[in-house]
Amino acid sequence: MAKDTLTITDNRTSKQYEIAIEEGGVIRASDLRQIRTSPKDFGLMSYDPAFMNTASCRSKVTFIDGDEGILRYRGYPIEELAEKCDYLEVAYLVVKGELPDADHLARWKNNVTIHTMVHENIKRFMEGYRYDAHPMGMLLGTVGALSTFYPDAASIYDLESRRLQTRRLIGKMPTLAAFAYRHSRGLPYVYPDNDLSYTGNFLAMLFKMTELKYRPNPVLEKALDVLFILHADHEQNCSANAMRAVGSSHPDPFSAAAAAVAALYGPLHGGANEQAIRSLMEIGSVSNIPGFIKKVKEGERRLMGFGHRVYKNYDPRAKILKKMANQVFEVTGKNPLIDIAVELERIALQDDYFISHKLYPNVDFYSGIIYQAMGFPMTMFPVLFAIPRTSGWMAQWAEMVRDQEQKIARPRQVYVGEGERHWIPIERRPKPDMREEAVSEAI
Ligand code: ACO
């Protein structure tokens with residue numbers, strides 16, 4: 001009878017080991033440690049740079065099937081959530097695990113909304129950033145600084161404290177993001193307007209000028225809300241992993257979230273949609289597409305906004321955004337880059353190179369075009385990602401804190417450096433040119 005185990009023969013010793021296969025296809029890496037050549041031997045380790053094939057946790061938050069192009073938060077398909085919910089309802093789902101009833105939703109919205117204000121000192125130290133500071137750098141610094149305003153956040157094993165910090169951070173992120181944007185424009189900060197929706201208030205804090213009451217355009221308010229829903233979580237991505245890894249040494253969640261913002265800052269993660277826009281601008285017109293595709297196929301270029309580590313099919317978020325782009329353009333006017341993007345996608349999806357490499361548009365292919373049409377500068381793109389991803393980070397962090405199996409994140413290494421050697425007097429050390437080589441390799 002078939003057994004859920006794996007039998008391994010160690011050809012060094014001819015010994016056999018039987019290892020359990022869990023969850024339909026997972027072995028525990030620590031089960032490999034029993035495979036050793038002598039009692040003193042450390043035992044086998046797996047080597048997996050970039051966690052290409054290693055699960056670091058068990059999670060109930062987000063499910064992705066990359067081959068089928070499926071994304072679900074807590075079991076609900078992203079398409080249904082994007083159509084039927086608003087962002088705060090989805091944030092409740094992501095953080096708490098279930099969709100709220102009307103009463104809980106109203107309380108949650110109130111509980112988040114009453115935390116949109118920030119301490120006046122935050123405003124003051126934001127003023128200390130240079131006039132041309134990158135808004136994501138400002139966000140990174142201020143999110144970390146929140147820990148100094150809320151020392152109670154250190155009580156990470158207190159459920160009520162975790163809930164409070166979650167509401168605080170989700171509530172304050174749009175305010176910090178908007179302040180960063182206004183600073184970079186030399187504009188006065190706008191305080192939150194709690195009569196408005198989550199995204200309506202964010203738009204007000206960004207774009208309000210001298211009018212007494214800012215009234216967000218409902219189409220843009222809804223579009224931003226959908227974008228926020230699509231970015232709420234994406235399981236163990238680089239920033240969620242940073243949130244968990246830093247959180248595993250038990251600092252307060254604001255400090256861990258600062259690490260997550262830092263991870264998202266990088267061009268391979270939150271900065272990819274800027275690269276996608278730059279590629280489209282470089283192509284410049286539909287007639288230049290075949291030449292660009294040729295360069296991609298010859299390995300000279302990458303088509304940014306295409307391909308994904310997990311999705312080997314159309315990214316479901318890109319499908320939603322492609323449709324939504326036209327609704328936004330009816331208000332903002334068309335972003336001419338959309339014609340290049342649509343034609344590029346059409347040609348690429350019929351091309352053998354893209355078909356055989358399973359390269360499809362990802363979320364970044366269309367999100368930047370929409371943000372640009374809405375008037376956001378490219379430096380704001382990662383900031384617009386960080387705001388909604390906060391609910392995902394907090395959900396992943398809380399799951400990690402409650403998980404009895406988790407410990408401080410501390411990977412092993414395969415040491416490939418020198419064996420033991422002994423100190424030599426300075427006059428007998430190797431010549432400087434050799435040492436320089438060694439030093440430059442080390443840094
Ligand atoms: N354009 C052209 N060729 C590509 C592209 C692309 N965008 N992406 C992958 N390939 C090719 C590679 O050249 C490689 O080909 P080969 O096997 O013939 O050498 C093959 O497809 C596999 O590529 P990898 O880089 O090994 O795949 P990986 O899973 O490591 O990379 C990644 C995924 C980084 C997203 C990649 O597809 C890429 O660079 N895309 C462009 C950047 C981008 O859009 N990033 C946003 C991702 S979504 C997000 O972060 C929210």
# chains A, B, ... in the order shown; residues from 1 in each chain; ligands from 1
$ residues_around --residues "segment 276-287 of chain A" --least-positions-apart "6" --cutoff "6 Å" --atoms "only C-alpha atoms" --output "ChimeraX atom specification"
/A:304-305,340,365
$ residues_near_ligand --ligand "ligand 1" --cutoff "8 Å" --atoms "only C-alpha atoms and all ligand atoms" --output "ChimeraX atom specification"
/A:268-273,275-276,296-297,299,301-310,354,357-359,361-365
$ write_last_selection --atoms "N, CA, C and O atoms" --output "compact mmCIF listing (two decimals), in the first residue's frame"
# COMPACT_ATOMS: atom_id res chain seq x y z
N LEU A 268 13.24 45.21 -7.51
CA LEU A 268 12.75 43.88 -7.88
C LEU A 268 11.42 43.56 -7.23
O LEU A 268 10.82 42.53 -7.48
N HIS A 269 10.95 44.45 -6.35
CA HIS A 269 9.69 44.16 -5.64
C HIS A 269 8.73 45.32 -5.90
O HIS A 269 8.10 45.37 -6.94
N GLY A 270 8.68 46.30 -4.99
CA GLY A 270 7.70 47.39 -5.14
C GLY A 270 8.05 48.37 -6.25
O GLY A 270 7.23 49.20 -6.63
N GLY A 271 9.27 48.29 -6.77
CA GLY A 271 9.67 49.26 -7.79
C GLY A 271 9.52 48.74 -9.21
O GLY A 271 9.87 49.43 -10.17
N ALA A 272 8.96 47.53 -9.37
CA ALA A 272 8.92 46.93 -10.71
C ALA A 272 7.98 47.67 -11.67
O ALA A 272 8.24 47.73 -12.88
N ASN A 273 6.89 48.25 -11.13
CA ASN A 273 5.96 48.92 -12.07
C ASN A 273 6.58 50.20 -12.66
O ASN A 273 6.26 50.59 -13.78
N GLN A 275 9.69 50.33 -13.53
CA GLN A 275 10.52 49.80 -14.63
C GLN A 275 9.64 49.48 -15.84
O GLN A 275 10.04 49.68 -16.99
N ALA A 276 8.43 48.97 -15.55
CA ALA A 276 7.51 48.63 -16.66
C ALA A 276 7.15 49.91 -17.43
O ALA A 276 7.18 49.93 -18.67
N VAL A 296 14.34 41.53 -26.84
CA VAL A 296 14.01 40.70 -25.67
C VAL A 296 14.33 39.24 -25.98
O VAL A 296 14.95 38.53 -25.18
N LYS A 297 13.93 38.80 -27.19
CA LYS A 297 14.15 37.39 -27.55
C LYS A 297 15.64 37.07 -27.69
O LYS A 297 16.07 35.95 -27.45
N GLY A 299 17.80 38.19 -25.82
CA GLY A 299 18.38 38.25 -24.48
C GLY A 299 19.03 39.58 -24.15
O GLY A 299 19.68 39.73 -23.12
N ARG A 301 17.35 42.43 -23.73
CA ARG A 301 16.48 43.20 -22.84
C ARG A 301 15.54 42.27 -22.08
O ARG A 301 15.34 41.13 -22.47
N ARG A 302 14.92 42.79 -21.03
CA ARG A 302 13.83 42.10 -20.35
C ARG A 302 12.58 42.90 -20.59
O ARG A 302 12.62 44.14 -20.59
N LEU A 303 11.48 42.23 -20.78
CA LEU A 303 10.21 42.95 -20.91
C LEU A 303 9.64 43.11 -19.51
O LEU A 303 9.08 42.18 -18.93
N MET A 304 9.83 44.31 -18.93
CA MET A 304 9.42 44.53 -17.55
C MET A 304 7.89 44.50 -17.49
O MET A 304 7.20 44.97 -18.39
N GLY A 305 7.37 43.97 -16.37
CA GLY A 305 5.91 43.82 -16.26
C GLY A 305 5.44 42.49 -16.83
O GLY A 305 4.25 42.21 -16.83
N PHE A 306 6.38 41.69 -17.31
CA PHE A 306 6.06 40.35 -17.80
C PHE A 306 6.84 39.32 -16.98
O PHE A 306 7.97 39.57 -16.56
N GLY A 307 6.22 38.16 -16.77
CA GLY A 307 6.91 37.09 -16.06
C GLY A 307 6.72 37.23 -14.56
O GLY A 307 6.46 38.34 -14.04
N HIS A 308 6.81 36.13 -13.85
CA HIS A 308 6.63 36.14 -12.40
C HIS A 308 7.22 34.86 -11.84
O HIS A 308 7.17 33.82 -12.49
N ARG A 309 7.81 34.96 -10.64
CA ARG A 309 8.37 33.77 -10.01
C ARG A 309 7.29 32.70 -9.78
O ARG A 309 7.53 31.51 -9.93
N VAL A 310 6.09 33.14 -9.44
CA VAL A 310 5.04 32.18 -9.08
C VAL A 310 4.04 31.97 -10.23
O VAL A 310 3.67 30.84 -10.55
N PHE A 354 7.67 33.83 -25.68
CA PHE A 354 6.87 34.12 -24.49
C PHE A 354 6.01 32.92 -24.11
O PHE A 354 5.82 32.62 -22.93
N HIS A 357 8.35 30.21 -22.59
CA HIS A 357 8.86 30.61 -21.27
C HIS A 357 7.73 30.91 -20.26
O HIS A 357 8.00 31.32 -19.13
N LYS A 358 6.50 30.73 -20.71
CA LYS A 358 5.32 31.00 -19.85
C LYS A 358 5.38 32.41 -19.28
O LYS A 358 5.28 32.63 -18.07
N LEU A 359 5.58 33.38 -20.14
CA LEU A 359 5.68 34.77 -19.71
C LEU A 359 4.37 35.51 -20.04
O LEU A 359 4.01 35.63 -21.21
N PRO A 361 1.62 38.94 -18.70
CA PRO A 361 1.68 40.20 -17.97
C PRO A 361 1.46 39.97 -16.48
O PRO A 361 0.65 39.13 -16.10
N ASN A 362 2.23 40.68 -15.65
CA ASN A 362 1.99 40.62 -14.21
C ASN A 362 1.33 41.92 -13.76
O ASN A 362 1.11 42.82 -14.57
N VAL A 363 1.02 42.02 -12.48
CA VAL A 363 0.24 43.17 -11.96
C VAL A 363 0.90 44.50 -12.32
O VAL A 363 0.23 45.52 -12.54
N ASP A 364 2.22 44.49 -12.41
CA ASP A 364 2.94 45.75 -12.65
C ASP A 364 2.82 46.25 -14.08
O ASP A 364 3.15 47.40 -14.35
N PHE A 365 2.38 45.40 -14.99
CA PHE A 365 2.30 45.82 -16.38
C PHE A 365 1.27 46.93 -16.56
O PHE A 365 1.46 47.84 -17.35
$ select_by_dssp --residues "segment 5-86 of chain A" --states "strand (DSSP E or B)" --output "PyMOL selection string"
chain A and resi 5-10+15-20+22+26+62-65+70-73+76-77
$ closest_residue --among "A:Arg402, A:Arg412, A:Arg58, A:His119" --to "Leu159 of chain A" --atoms "only C-alpha atoms"
A:Arg402
$ residues_around --residues "segment 329-336 of chain A" --least-positions-apart "3" --cutoff "9 Å" --atoms "only C-alpha atoms" --output "ChimeraX atom specification"
/A:217,219-220,324-326,339-340,369-370,372-375
$ write_last_selection --atoms "C-alpha atoms" --output "JSON list (two decimals), in the first residue's frame"
[["chain", "number", "residue", "atom", "x", "y", "z"],
["A", 217, "ASN", "CA", -13.79, 61.72, -7.93],
["A", 219, "VAL", "CA", -14.32, 56.66, -10.22],
["A", 220, "LEU", "CA", -10.75, 57.37, -9.08],
["A", 324, "MET", "CA", -10.18, 49.01, -15.06],
["A", 325, "ALA", "CA", -7.72, 51.18, -16.97],
["A", 326, "ASN", "CA", -10.39, 52.36, -19.42],
["A", 339, "ASP", "CA", -1.90, 51.47, -26.61],
["A", 340, "ILE", "CA", 1.71, 50.34, -26.57],
["A", 369, "ILE", "CA", -0.09, 53.16, -16.36],
["A", 370, "ILE", "CA", -3.13, 53.73, -14.14],
["A", 372, "GLN", "CA", 0.50, 57.70, -13.92],
["A", 373, "ALA", "CA", -2.86, 58.65, -15.46],
["A", 374, "MET", "CA", -4.12, 59.50, -11.95],
["A", 375, "GLY", "CA", -1.28, 62.00, -11.57]]
$ closest_residue --among "A:Tyr360, A:Phe254, A:Tyr353, A:Phe202" --to "Gly144 of chain A" --atoms "only C-alpha atoms"
A:Phe254
$ decode --residues "segment 341-372 of chain A" --atoms "N, CA, C and O atoms" --output "mmCIF file, in the first residue's frame"
data_model
loop_
_atom_site.group_PDB
_atom_site.id
_atom_site.type_symbol
_atom_site.label_atom_id
_atom_site.label_comp_id
_atom_site.auth_asym_id
_atom_site.auth_seq_id
_atom_site.Cartn_x
_atom_site.Cartn_y
_atom_site.Cartn_z
ATOM 1 N N ALA A 341 1.110 49.192 -24.506
ATOM 2 C CA ALA A 341 1.029 48.023 -23.612
ATOM 3 C C ALA A 341 0.117 46.946 -24.201
ATOM 4 O O ALA A 341 0.488 45.762 -24.228
ATOM 5 N N VAL A 342 -1.049 47.348 -24.680
ATOM 6 C CA VAL A 342 -2.013 46.366 -25.192
ATOM 7 C C VAL A 342 -1.447 45.660 -26.427
ATOM 8 O O VAL A 342 -1.544 44.435 -26.560
ATOM 9 N N GLU A 343 -0.831 46.419 -27.316
ATOM 10 C CA GLU A 343 -0.264 45.827 -28.533
ATOM 11 C C GLU A 343 0.945 44.935 -28.196
ATOM 12 O O GLU A 343 1.109 43.854 -28.761
ATOM 13 N N LEU A 344 1.728 45.392 -27.244
ATOM 14 C CA LEU A 344 2.881 44.607 -26.800
ATOM 15 C C LEU A 344 2.406 43.268 -26.247
ATOM 16 O O LEU A 344 2.961 42.207 -26.555
ATOM 17 N N GLU A 345 1.376 43.331 -25.427
ATOM 18 C CA GLU A 345 0.824 42.101 -24.847
ATOM 19 C C GLU A 345 0.297 41.182 -25.955
ATOM 20 O O GLU A 345 0.569 39.975 -25.967
ATOM 21 N N ARG A 346 -0.422 41.762 -26.932
ATOM 22 C CA ARG A 346 -1.008 40.957 -28.018
ATOM 23 C C ARG A 346 0.109 40.224 -28.794
ATOM 24 O O ARG A 346 0.036 39.022 -29.004
ATOM 25 N N ILE A 347 1.136 40.971 -29.140
ATOM 26 C CA ILE A 347 2.222 40.362 -29.922
ATOM 27 C C ILE A 347 2.961 39.323 -29.071
ATOM 28 O O ILE A 347 3.228 38.210 -29.514
ATOM 29 N N ALA A 348 3.251 39.692 -27.830
ATOM 30 C CA ALA A 348 4.036 38.787 -26.970
ATOM 31 C C ALA A 348 3.297 37.467 -26.736
ATOM 32 O O ALA A 348 3.901 36.399 -26.779
ATOM 33 N N LEU A 349 1.988 37.549 -26.514
ATOM 34 C CA LEU A 349 1.259 36.329 -26.176
ATOM 35 C C LEU A 349 1.103 35.379 -27.363
ATOM 36 O O LEU A 349 0.659 34.248 -27.217
ATOM 37 N N GLN A 350 1.453 35.840 -28.563
ATOM 38 C CA GLN A 350 1.410 34.943 -29.736
ATOM 39 C C GLN A 350 2.813 34.462 -30.101
ATOM 40 O O GLN A 350 2.981 33.714 -31.059
ATOM 41 N N ASP A 351 3.786 34.946 -29.375
ATOM 42 C CA ASP A 351 5.167 34.675 -29.760
ATOM 43 C C ASP A 351 5.702 33.420 -29.051
ATOM 44 O O ASP A 351 5.474 33.232 -27.856
ATOM 45 N N ASP A 352 6.410 32.600 -29.813
ATOM 46 C CA ASP A 352 6.927 31.332 -29.276
ATOM 47 C C ASP A 352 7.782 31.515 -28.026
ATOM 48 O O ASP A 352 7.713 30.713 -27.097
ATOM 49 N N TYR A 353 8.626 32.576 -28.033
ATOM 50 C CA TYR A 353 9.518 32.795 -26.890
ATOM 51 C C TYR A 353 8.689 32.961 -25.613
ATOM 52 O O TYR A 353 8.949 32.323 -24.591
ATOM 53 N N PHE A 354 7.670 33.829 -25.684
ATOM 54 C CA PHE A 354 6.867 34.123 -24.491
ATOM 55 C C PHE A 354 6.006 32.920 -24.112
ATOM 56 O O PHE A 354 5.825 32.622 -22.931
ATOM 57 N N ILE A 355 5.503 32.215 -25.137
ATOM 58 C CA ILE A 355 4.672 31.029 -24.847
ATOM 59 C C ILE A 355 5.538 29.957 -24.179
ATOM 60 O O ILE A 355 5.182 29.430 -23.125
ATOM 61 N N SER A 356 6.706 29.676 -24.779
ATOM 62 C CA SER A 356 7.512 28.578 -24.231
ATOM 63 C C SER A 356 8.092 28.927 -22.855
ATOM 64 O O SER A 356 8.302 28.050 -22.029
ATOM 65 N N HIS A 357 8.345 30.214 -22.586
ATOM 66 C CA HIS A 357 8.863 30.607 -21.269
ATOM 67 C C HIS A 357 7.734 30.907 -20.262
ATOM 68 O O HIS A 357 8.003 31.322 -19.131
ATOM 69 N N LYS A 358 6.496 30.726 -20.707
ATOM 70 C CA LYS A 358 5.320 30.998 -19.848
ATOM 71 C C LYS A 358 5.382 32.413 -19.278
ATOM 72 O O LYS A 358 5.284 32.631 -18.065
ATOM 73 N N LEU A 359 5.579 33.375 -20.144
ATOM 74 C CA LEU A 359 5.678 34.774 -19.711
ATOM 75 C C LEU A 359 4.372 35.508 -20.042
ATOM 76 O O LEU A 359 4.005 35.630 -21.205
ATOM 77 N N TYR A 360 3.695 35.948 -19.009
ATOM 78 C CA TYR A 360 2.427 36.661 -19.147
ATOM 79 C C TYR A 360 2.544 37.999 -18.422
ATOM 80 O O TYR A 360 3.418 38.169 -17.574
ATOM 81 N N PRO A 361 1.618 38.937 -18.705
ATOM 82 C CA PRO A 361 1.680 40.204 -17.970
ATOM 83 C C PRO A 361 1.461 39.969 -16.478
ATOM 84 O O PRO A 361 0.648 39.127 -16.103
ATOM 85 N N ASN A 362 2.231 40.676 -15.652
ATOM 86 C CA ASN A 362 1.989 40.621 -14.209
ATOM 87 C C ASN A 362 1.326 41.919 -13.761
ATOM 88 O O ASN A 362 1.111 42.823 -14.568
ATOM 89 N N VAL A 363 1.021 42.022 -12.482
ATOM 90 C CA VAL A 363 0.244 43.165 -11.965
ATOM 91 C C VAL A 363 0.900 44.500 -12.320
ATOM 92 O O VAL A 363 0.228 45.517 -12.539
ATOM 93 N N ASP A 364 2.225 44.493 -12.412
ATOM 94 C CA ASP A 364 2.942 45.747 -12.649
ATOM 95 C C ASP A 364 2.816 46.253 -14.077
ATOM 96 O O ASP A 364 3.152 47.404 -14.354
ATOM 97 N N PHE A 365 2.375 45.403 -14.986
ATOM 98 C CA PHE A 365 2.301 45.817 -16.383
ATOM 99 C C PHE A 365 1.266 46.929 -16.558
ATOM 100 O O PHE A 365 1.460 47.843 -17.348
ATOM 101 N N TYR A 366 0.157 46.845 -15.800
ATOM 102 C CA TYR A 366 -0.893 47.858 -15.965
ATOM 103 C C TYR A 366 -1.004 48.846 -14.802
ATOM 104 O O TYR A 366 -1.518 49.941 -14.986
ATOM 105 N N SER A 367 -0.534 48.471 -13.593
ATOM 106 C CA SER A 367 -0.769 49.360 -12.440
ATOM 107 C C SER A 367 -0.079 50.712 -12.631
ATOM 108 O O SER A 367 -0.670 51.765 -12.346
ATOM 109 N N GLY A 368 1.148 50.709 -13.142
ATOM 110 C CA GLY A 368 1.874 51.969 -13.309
ATOM 111 C C GLY A 368 1.171 52.907 -14.296
ATOM 112 O O GLY A 368 1.134 54.121 -14.078
ATOM 113 N N ILE A 369 0.599 52.322 -15.355
ATOM 114 C CA ILE A 369 -0.090 53.156 -16.361
ATOM 115 C C ILE A 369 -1.274 53.865 -15.706
ATOM 116 O O ILE A 369 -1.541 55.045 -15.950
ATOM 117 N N ILE A 370 -1.965 53.131 -14.826
ATOM 118 C CA ILE A 370 -3.127 53.728 -14.144
ATOM 119 C C ILE A 370 -2.666 54.791 -13.151
ATOM 120 O O ILE A 370 -3.199 55.906 -13.113
ATOM 121 N N TYR A 371 -1.659 54.468 -12.352
ATOM 122 C CA TYR A 371 -1.169 55.455 -11.375
ATOM 123 C C TYR A 371 -0.696 56.725 -12.084
ATOM 124 O O TYR A 371 -0.945 57.842 -11.625
ATOM 125 N N GLN A 372 -0.013 56.530 -13.192
ATOM 126 C CA GLN A 372 0.503 57.698 -13.922
ATOM 127 C C GLN A 372 -0.656 58.565 -14.431
ATOM 128 O O GLN A 372 -0.623 59.781 -14.314
#
